[in-house]
Structures are given as structure tokens and as C-alpha cells.
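Here's the structure we're looking at; comments come further down.
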Amino acid sequence: MSLDPPTYLASLQSNIRQRPIPWDGAVRAGTLTEEQLARIRSVDKVKKDVRKQTIESDLEGYSALFVGGSGKKSVLELAAKRQDVVQYILVLLNDLLTTVPALSKALAKTGDPYQHFIPLLGHRTVTDDPIPLLTSTVLVSLMAGSRDESQAASKALPLIYSYLSSLTTNSDAGLQDIGVQEYSSLLYGRVPRAQFWEQRSETVAPLVKILRAAAGIGSGGDATASLWSGTTNPSRSGFEGSLGGGVGLQLLYHVLLVIWQLSFEAADIGDDLNKEYDFIALYTQLLRLSPKEKTTRLLLSTLLNILTANQNTLLAIAVLARLPTLLETLKTRQFNDPDLREDLDRLRELLEEYTKTKTTFDEYVGEVNSGRLHWSPPHRNTVFWAENARKILDYENGALIRKLVDIMKQPWEDDKSVLAIACNDVGCLVREVPEKRGQLEKLGLKTRVMELMGEADENVRWESLRALGGWLQYSFDTK
């Protein structure tokens with residue numbers, strides 16, 4: 001998938017191309033050899049078809065030029081002390097990799113071409129040294145161009161992702177966009193997508209942070225609660241420019257593109273993606289605010305991938321997030337994109353089929369099994385608990401209660417409301433089925449509720465006190 005290079009990167013590369021390099025003097029100084037210079041001049045500042053023909057007729061020679069071979073050092077090794085030459089070579093190599101696909105494949109066949117470039121990612125001689133950034137573009141072009149999934153590529157990929165993460169977490173939107181676009185180039189297959197997910201604290205989390213800013217969501221439990229209540233404040237300064245948090249439309253699109261590519265692994269990552277990042281609610285909110293058809297298309301397609309692959313666990317969450325209602329609203333809009341319309345229809349049909357047969361109890365089961373609780377209607381509904389408390393305790397031989405125990409064991413630093421809701425539910429179970437208190441105590445719920453009475457969050461303290469009150473009430477009643 002080809003994207004236009006970010007403005008900052010294109011400008012940097014253009015400036016380096018125009019710098020005069022005293023090549024003959026560099027040869028005399030031993031910075032490179034006559035043979036290397038001859039090959040450079042044969043492809044530098046010539047027409048693309050001439051460049052392509054020259055390289056394809058001498059792939060072995062050009063591979064040796066950039067990564068060495070037969071006991072000879074590469075031009076980058078020889079020129080290591082000449083920063084101007086290194087920068088120029090990196091820009092030239094990236095140009096060649098993007099215009100001559102055969103070169104990427106030839107370099108990949110040399111065994112481990114990445115070892116020659118990885119050290120440059122940590123290169124720092126002066127502030128704002130461009131060599132690491134230029135190196136990352138070469139590594140991405142090389143790996144993406146060859147579709148390399150070798151052992152050498154697998155070893156290099158985590159280091160490349162870590163460097164790109166430093167761009168996506170930068171305060172400069174231009175650098176963020178470079179990092180995101182390079183991610184997109186790398187997510188061409190299952191292996192790089194799996195590694196991307198494996199490093200999600202570095203890769204996915206910063207992208208989710210950008211999306212939350214675009215949706216007008218801050219951090220912490222209050223922000224998450226506002227996401228589910230639909231009361232976020234994107235503070236958009238005009239859809240044409242930026243959304244909430246100053247997130248530009250192009251950056252938003254590129255982030256959505258990366259998550260869409262990742263969503264092709266939905267069967268493996270869908271549940272954790274939602275549990276860790278409140279994904280369904282976030283994407284529903286982004287869909288509500290989507291400024292352009294191209295962003296709406298990516299949002300719908302990603303949701304379709306995730307929900308289709310995780311119907312047993314995430315359709316209930318989509319209903320709680322009020323996605324079906326939003327889809328009905330979108331259906332009334334006139335979209336030009338046929339793929340968008342098709343995905344919209346398929347998503348509506350999927351959710352309609354689910355809601356036809358599911359009860360409020362099924363929705364509650366789906367929410368608990370998702371691993372994250374929200375103040376959805378059942379939690380405060382006394383009729384629901386009167387009708388379903390015993391059913392919840394008996395569901396799949398206590399599997400649902402064990403899941404609730406797992407939820408309560410976590411600290412939920414990002415959203416304390418989960419603990420408050422869990423305490424509410426435990427209290428409801430004790431009040432409706434008091435004879436099952438022993439079962440709940442054996443699972444450690446009473447102990448955990450008592451621990452939560454010391455939480456800093458007042459809502460958690462209040463709900464834990466109410467839950468414990470039920471236990472104490474029936475303890476006294478039975479004496």
C-alpha cells in the first residue's frame with residue numbers, strides 16, 4: 001500500500017540530494033573506492049528507467065555496494081566518519097529500493113542485510129541527527145519491498161518497531177506521521193503483524209492515545225466513563241483540519257489505516273484489543289465523529305473484521321456501546337464509496353441477527369466475558385438481578401463468577417469504575433441469593449471487597465461498602 005511521503009521527510013531527503021559531495025576527494029581520502037563511486041554515479045541523478053536497467057543488470061554488484069560481500073566493506077562502513085556521505089548514501093539507497101523492487105529482494109538474499117543498518121538507528125552525533133530517521137526509511141523500504149519474513153528479518157523487526165515507536169510518541173505531529181506510515185508499510189503479513197501486536201505497549205498503545213485524543217477522550221476512569229456515555233468533547237476546530245487534541249486529519253487516517261491492517265489478525269487479538277483499549281466503544285465514538293468518507297470506511301471495515309471474528313464476546317459490547325443505533329443513523333446518509341456501503345450493510349446485518357435472539361442476560365454475560373465492565377443498564381436494574389442472580393451463579397458451573405473474580409483482581413488504574421461496578425454486582429448477588437454467600441467467599445470475593453474499601457476512589461469505596469453491607473446484614477439475620 002503506497003502512501004505519499006510525509007512533508008518533513010520528503011523535504012529532508014530533497015535537501016540531502018541537492019548537497020554537493022566532493023566524491024573524488026572522498027575517494028582519495030579512502031572514504032569509498034573508485035569501484036563504489038562508479039556504481040554510485042551510474043545510478044545517481046539519472047532517469048528512473050536508466051537506473052532500473054543499470055541495477056537489474058548488476059544486482060550482485062549493487063548488493064555489495066550497500067552491504068558488502070566477498071570480504072569487502074560496504075560504502076557505509078568505509079564512509080562511517082563522513083556524516084554527509086552516510087546521509088547521501090542512505091537517501092540514494094532508499095530511492096533505489098522504492099524504484100527498483102529487484103534490489104530489495106537481492107539484498108534480502110544476502111543473508112542478513114539488516115545488521116549493516118540497525119546500529120545506525122541509535123546513531124547520535126548531534127542533536128536532531130537525521131541518520132536514524134533516514135536509516136529507518138531504508139530498513140522499512142528493504143523489508144517491505146522484499147516481503148521478507150526470514151529469521152534475520154524477524155530479529156531486526158522488534159528493533160525497527162521500537163525506533164518507530166519513538167517517532168509516534170514524539171510531540172511533533174510530522175514525526176508521528178512518519179512513524180505511523182512506516183508502520184503501515186511493514187504490516188504486510190501475519191509475521192510482522194504478530195510482532196507488532198507482541199510489542200503493543202510500544203506500538204499500539206501510542207496509536208490508541210492518538211485516537212482517544214481525536215475522539216476528545218482524556219485519560220483515567222472519568223474519561224472512559226464519558227466515552228461510554230457519549231459525552232466526549234472532541235473540540236474540533238473544523239473537520240477539514242484537525243479533530244480533538246489537535247490531531248490532523250491525515251495523521252488520523254494513517255493511524256486508522258494501521259489499525260485496519262492489524263485487524264486482519266482479529267481472531268487472535270480481538271478480545272485483548274477490546275479489553276486493554278476499550279476498542280469497541282472508542283471506534284463507535286470515532287465513527288460518530290468521523291469527518292470524511294475515507295475515515296468512515298476504515299472505521300467500519302475495522303469494526304467488521306473485529307466483530308466478525310469475535311462474535312461470541314464482542315457483539316454484546318457493540319450493543320452496549322450503542323453501535324446498532326449509530327449504524328441506523330449512518331444508513332440514512334448518502335455515501336459514494338461502494339465498499340463503505342457494503343461494509344455498513346454487513347455490519348448492520350451482523351448486529352441485527354445478534355440482537356434478534358439475545359436477551360439482557362446474554363448481554364450481561366458478554367460484557368463480563370469481555371473482561372471489562374461498564375455502567376450498562378443491567379447493573380442498576382433490580383428486576384434484572386431478581387430474575388437472573390441465581391442464573392449468573394450457576395452459569396457454566398460458575399464460570400461467569402470466576403470471570404468476575406478475575407476482573408476484580410486487577411488494579412484497573414486507568415478505569416476505577418470497573419471495580420465499582422464489580423462491587424455493585426457482588427452486592428446484588430449477595431442480596432438476591434444470600435444462601436450462596438459461602439460460595440462467593442471461597443472465591444475470595446468478600447476479602448477483595450473488604451480490600452477495596454481502602455481504595456482512593458470514592459465510588460469504589462462506596463460500592464464496596466454497600467456490597468459488604470449485604471454480607472453483614474445476612475450474617476446478623478442468621479444469628
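Identifiers for the C-alpha cells are assigned positionally: chains receive A, B, ... in sequence, residues are indexed from 1 per chain, and ligands are indexed from 1 in the order shown.
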
Long-range neighbours of A:Ala205 as a short mmCIF file (atom, residue, chain, number, x, y, z; two decimals) with all heavy atoms, in the first residue's frame, 12 Å cut-off, only C-alpha atoms, 5 positions minimum in chain:
data_model
loop_
_atom_site.label_atom_id
_atom_site.label_comp_id
_atom_site.auth_asym_id
_atom_site.auth_seq_id
_atom_site.Cartn_x
_atom_site.Cartn_y
_atom_site.Cartn_z
N SER A 165 8.43 3.57 17.30
CA SER A 165 7.63 3.98 18.46
C SER A 165 8.12 5.31 19.02
O SER A 165 7.33 6.12 19.50
CB SER A 165 7.68 2.90 19.54
OG SER A 165 7.02 3.32 20.71
N THR A 168 6.33 7.88 16.97
CA THR A 168 4.88 8.02 17.20
C THR A 168 4.58 8.63 18.56
O THR A 168 3.47 9.13 18.78
CB THR A 168 4.15 6.68 17.07
OG1 THR A 168 4.67 5.76 18.03
CG2 THR A 168 4.33 6.10 15.67
N THR A 169 5.54 8.57 19.48
CA THR A 169 5.33 9.17 20.80
C THR A 169 5.95 10.57 20.88
O THR A 169 5.88 11.20 21.94
CB THR A 169 5.94 8.29 21.92
OG1 THR A 169 7.31 8.04 21.62
CG2 THR A 169 5.20 6.98 22.03
N PHE A 196 4.06 -6.87 15.77
CA PHE A 196 3.52 -5.54 16.09
C PHE A 196 2.62 -5.63 17.32
O PHE A 196 2.69 -4.80 18.23
CB PHE A 196 2.73 -5.03 14.89
CG PHE A 196 2.29 -3.59 14.99
CD1 PHE A 196 3.17 -2.56 14.71
CD2 PHE A 196 0.99 -3.27 15.35
CE1 PHE A 196 2.76 -1.24 14.78
CE2 PHE A 196 0.57 -1.96 15.43
CZ PHE A 196 1.46 -0.93 15.14
N TRP A 197 1.80 -6.66 17.35
CA TRP A 197 0.90 -6.86 18.49
C TRP A 197 1.68 -7.29 19.73
O TRP A 197 1.37 -6.87 20.85
CB TRP A 197 -0.17 -7.89 18.15
CG TRP A 197 -1.11 -8.16 19.27
CD1 TRP A 197 -1.23 -9.31 20.00
CD2 TRP A 197 -2.06 -7.26 19.84
NE1 TRP A 197 -2.20 -9.19 20.97
CE2 TRP A 197 -2.73 -7.93 20.89
CE3 TRP A 197 -2.43 -5.95 19.55
CZ2 TRP A 197 -3.72 -7.34 21.65
CZ3 TRP A 197 -3.42 -5.35 20.31
CH2 TRP A 197 -4.06 -6.04 21.34
N GLU A 198 2.70 -8.11 19.56
CA GLU A 198 3.53 -8.55 20.68
C GLU A 198 4.16 -7.34 21.38
O GLU A 198 4.31 -7.35 22.60
CB GLU A 198 4.64 -9.49 20.16
CG GLU A 198 5.55 -10.04 21.23
CD GLU A 198 4.88 -11.03 22.16
OE1 GLU A 198 3.84 -11.61 21.76
OE2 GLU A 198 5.37 -11.22 23.28
N GLN A 199 4.48 -6.31 20.62
CA GLN A 199 5.09 -5.10 21.19
C GLN A 199 4.06 -3.99 21.39
O GLN A 199 4.38 -2.82 21.33
CB GLN A 199 6.20 -4.59 20.26
CG GLN A 199 7.42 -5.49 20.20
CD GLN A 199 8.46 -4.96 19.23
OE1 GLN A 199 8.73 -5.57 18.20
NE2 GLN A 199 9.07 -3.83 19.55
N ARG A 200 2.82 -4.36 21.67
CA ARG A 200 1.73 -3.39 21.65
C ARG A 200 1.88 -2.24 22.64
O ARG A 200 1.34 -1.15 22.40
CB ARG A 200 0.38 -4.07 21.84
CG ARG A 200 0.21 -4.89 23.10
CD ARG A 200 -1.11 -5.65 23.03
NE ARG A 200 -1.35 -6.54 24.14
CZ ARG A 200 -0.90 -7.79 24.20
NH1 ARG A 200 -0.12 -8.26 23.24
NH2 ARG A 200 -1.20 -8.57 25.22
N ILE A 210 -3.49 8.52 20.36
CA ILE A 210 -3.80 9.50 19.32
C ILE A 210 -5.29 9.45 18.98
O ILE A 210 -5.95 10.48 18.84
CB ILE A 210 -2.95 9.24 18.06
CG1 ILE A 210 -1.47 9.54 18.35
CG2 ILE A 210 -3.44 10.09 16.88
CD1 ILE A 210 -0.53 9.12 17.23
N LEU A 211 -5.83 8.24 18.88
CA LEU A 211 -7.26 8.09 18.55
C LEU A 211 -8.14 8.62 19.67
O LEU A 211 -9.18 9.23 19.42
CB LEU A 211 -7.57 6.62 18.27
CG LEU A 211 -6.93 6.01 17.02
CD1 LEU A 211 -7.29 4.54 16.89
CD2 LEU A 211 -7.35 6.77 15.76
N ARG A 212 -7.74 8.38 20.91
CA ARG A 212 -8.52 8.89 22.04
C ARG A 212 -8.50 10.42 22.05
O ARG A 212 -9.52 11.05 22.34
CB ARG A 212 -7.97 8.35 23.36
CG ARG A 212 -8.28 6.87 23.59
CD ARG A 212 -7.57 6.34 24.84
NE ARG A 212 -8.13 6.92 26.05
CZ ARG A 212 -9.11 6.38 26.76
NH1 ARG A 212 -9.66 5.24 26.39
NH2 ARG A 212 -9.55 6.97 27.87
N VAL A 255 -3.30 6.49 11.09
CA VAL A 255 -3.44 5.65 12.28
C VAL A 255 -4.56 4.63 12.08
O VAL A 255 -4.41 3.44 12.39
CB VAL A 255 -3.71 6.50 13.54
CG1 VAL A 255 -4.04 5.60 14.74
CG2 VAL A 255 -2.50 7.37 13.88
N ILE A 259 -4.38 0.38 12.14
CA ILE A 259 -5.25 -0.48 12.95
C ILE A 259 -6.09 -1.38 12.06
O ILE A 259 -6.35 -2.55 12.40
CB ILE A 259 -6.15 0.37 13.87
CG1 ILE A 259 -5.30 1.27 14.79
CG2 ILE A 259 -7.04 -0.53 14.71
CD1 ILE A 259 -4.37 0.51 15.72
N LEU A 273 -7.62 -6.74 22.43
CA LEU A 273 -7.65 -5.37 21.91
C LEU A 273 -8.76 -4.58 22.58
O LEU A 273 -8.57 -3.43 22.99
CB LEU A 273 -7.87 -5.41 20.39
CG LEU A 273 -7.92 -4.05 19.66
CD1 LEU A 273 -6.57 -3.36 19.72
CD2 LEU A 273 -8.35 -4.26 18.21
N GLU A 276 -8.04 -4.28 26.61
CA GLU A 276 -6.95 -3.38 27.01
C GLU A 276 -7.17 -1.93 26.58
O GLU A 276 -6.67 -1.02 27.24
CB GLU A 276 -5.62 -3.90 26.43
CG GLU A 276 -5.21 -5.24 27.00
CD GLU A 276 -3.95 -5.80 26.37
OE1 GLU A 276 -3.11 -5.00 25.89
OE2 GLU A 276 -3.79 -7.04 26.33
N TYR A 277 -7.91 -1.73 25.51
CA TYR A 277 -8.03 -0.37 24.97
C TYR A 277 -9.47 0.11 24.80
O TYR A 277 -9.69 1.17 24.20
CB TYR A 277 -7.31 -0.29 23.61
CG TYR A 277 -5.86 -0.70 23.68
CD1 TYR A 277 -5.41 -1.87 23.07
CD2 TYR A 277 -4.94 0.05 24.40
CE1 TYR A 277 -4.08 -2.25 23.14
CE2 TYR A 277 -3.60 -0.33 24.49
CZ TYR A 277 -3.18 -1.48 23.84
OH TYR A 277 -1.87 -1.86 23.93
N ASP A 278 -10.45 -0.65 25.34
CA ASP A 278 -11.85 -0.26 25.19
C ASP A 278 -12.16 0.03 23.72
O ASP A 278 -12.78 1.05 23.37
CB ASP A 278 -12.15 0.97 26.05
CG ASP A 278 -13.35 0.75 26.94
OD1 ASP A 278 -14.04 -0.26 26.74
OD2 ASP A 278 -13.60 1.57 27.83
N PHE A 279 -11.74 -0.88 22.88
CA PHE A 279 -11.68 -0.64 21.44
C PHE A 279 -13.05 -0.40 20.81
O PHE A 279 -13.22 0.53 20.00
CB PHE A 279 -10.99 -1.82 20.75
CG PHE A 279 -10.80 -1.62 19.27
CD1 PHE A 279 -9.75 -0.87 18.80
CD2 PHE A 279 -11.68 -2.20 18.37
CE1 PHE A 279 -9.57 -0.67 17.44
CE2 PHE A 279 -11.51 -2.01 17.00
CZ PHE A 279 -10.45 -1.25 16.54
#

Measure the distance from atom CA of A:Ser104 to atom CA of A:Leu139 in Å and round it to one decimal.
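Going from atom CA of A:Ser104 over to atom CA of A:Leu139, I get 10.0 Å.
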
Find the spatial neighbours of stretch 20-37 of chain A, counting only C-alpha atoms, within a cut-off of 9 Å - ignore same-chain residues fewer than 3 positions away - and output them as a list in words.
Ile16, Arg17, Ile40, Arg41, Ser42, Tyr62, Leu65, Ser74, Val75, Leu76, Glu77, Leu78, Ala79, Ala80, Lys81, Arg82, Asp84, Val85 and Tyr88 of chain A

Considering only C-alpha atoms, return as a ChimeraX atom specification whatever protein or nucleic-acid residues lie within 10 Å of A:Arg288, sequence-local ones (same chain, fewer than 4 positions apart) excluded.
/A:215,230,282-284,296,323,326-327,329-330

10 Å contact set for A:Thr295, only C-alpha atoms, chain neighbours under 2 positions out, as a PyMOL selection string
chain A and resi 249-250+252-257+286-287+289-293+297-301+340

In Å to one decimal, how far is atom CA of A:Ala108 from atom CA of A:Asp58?
15.4 Å
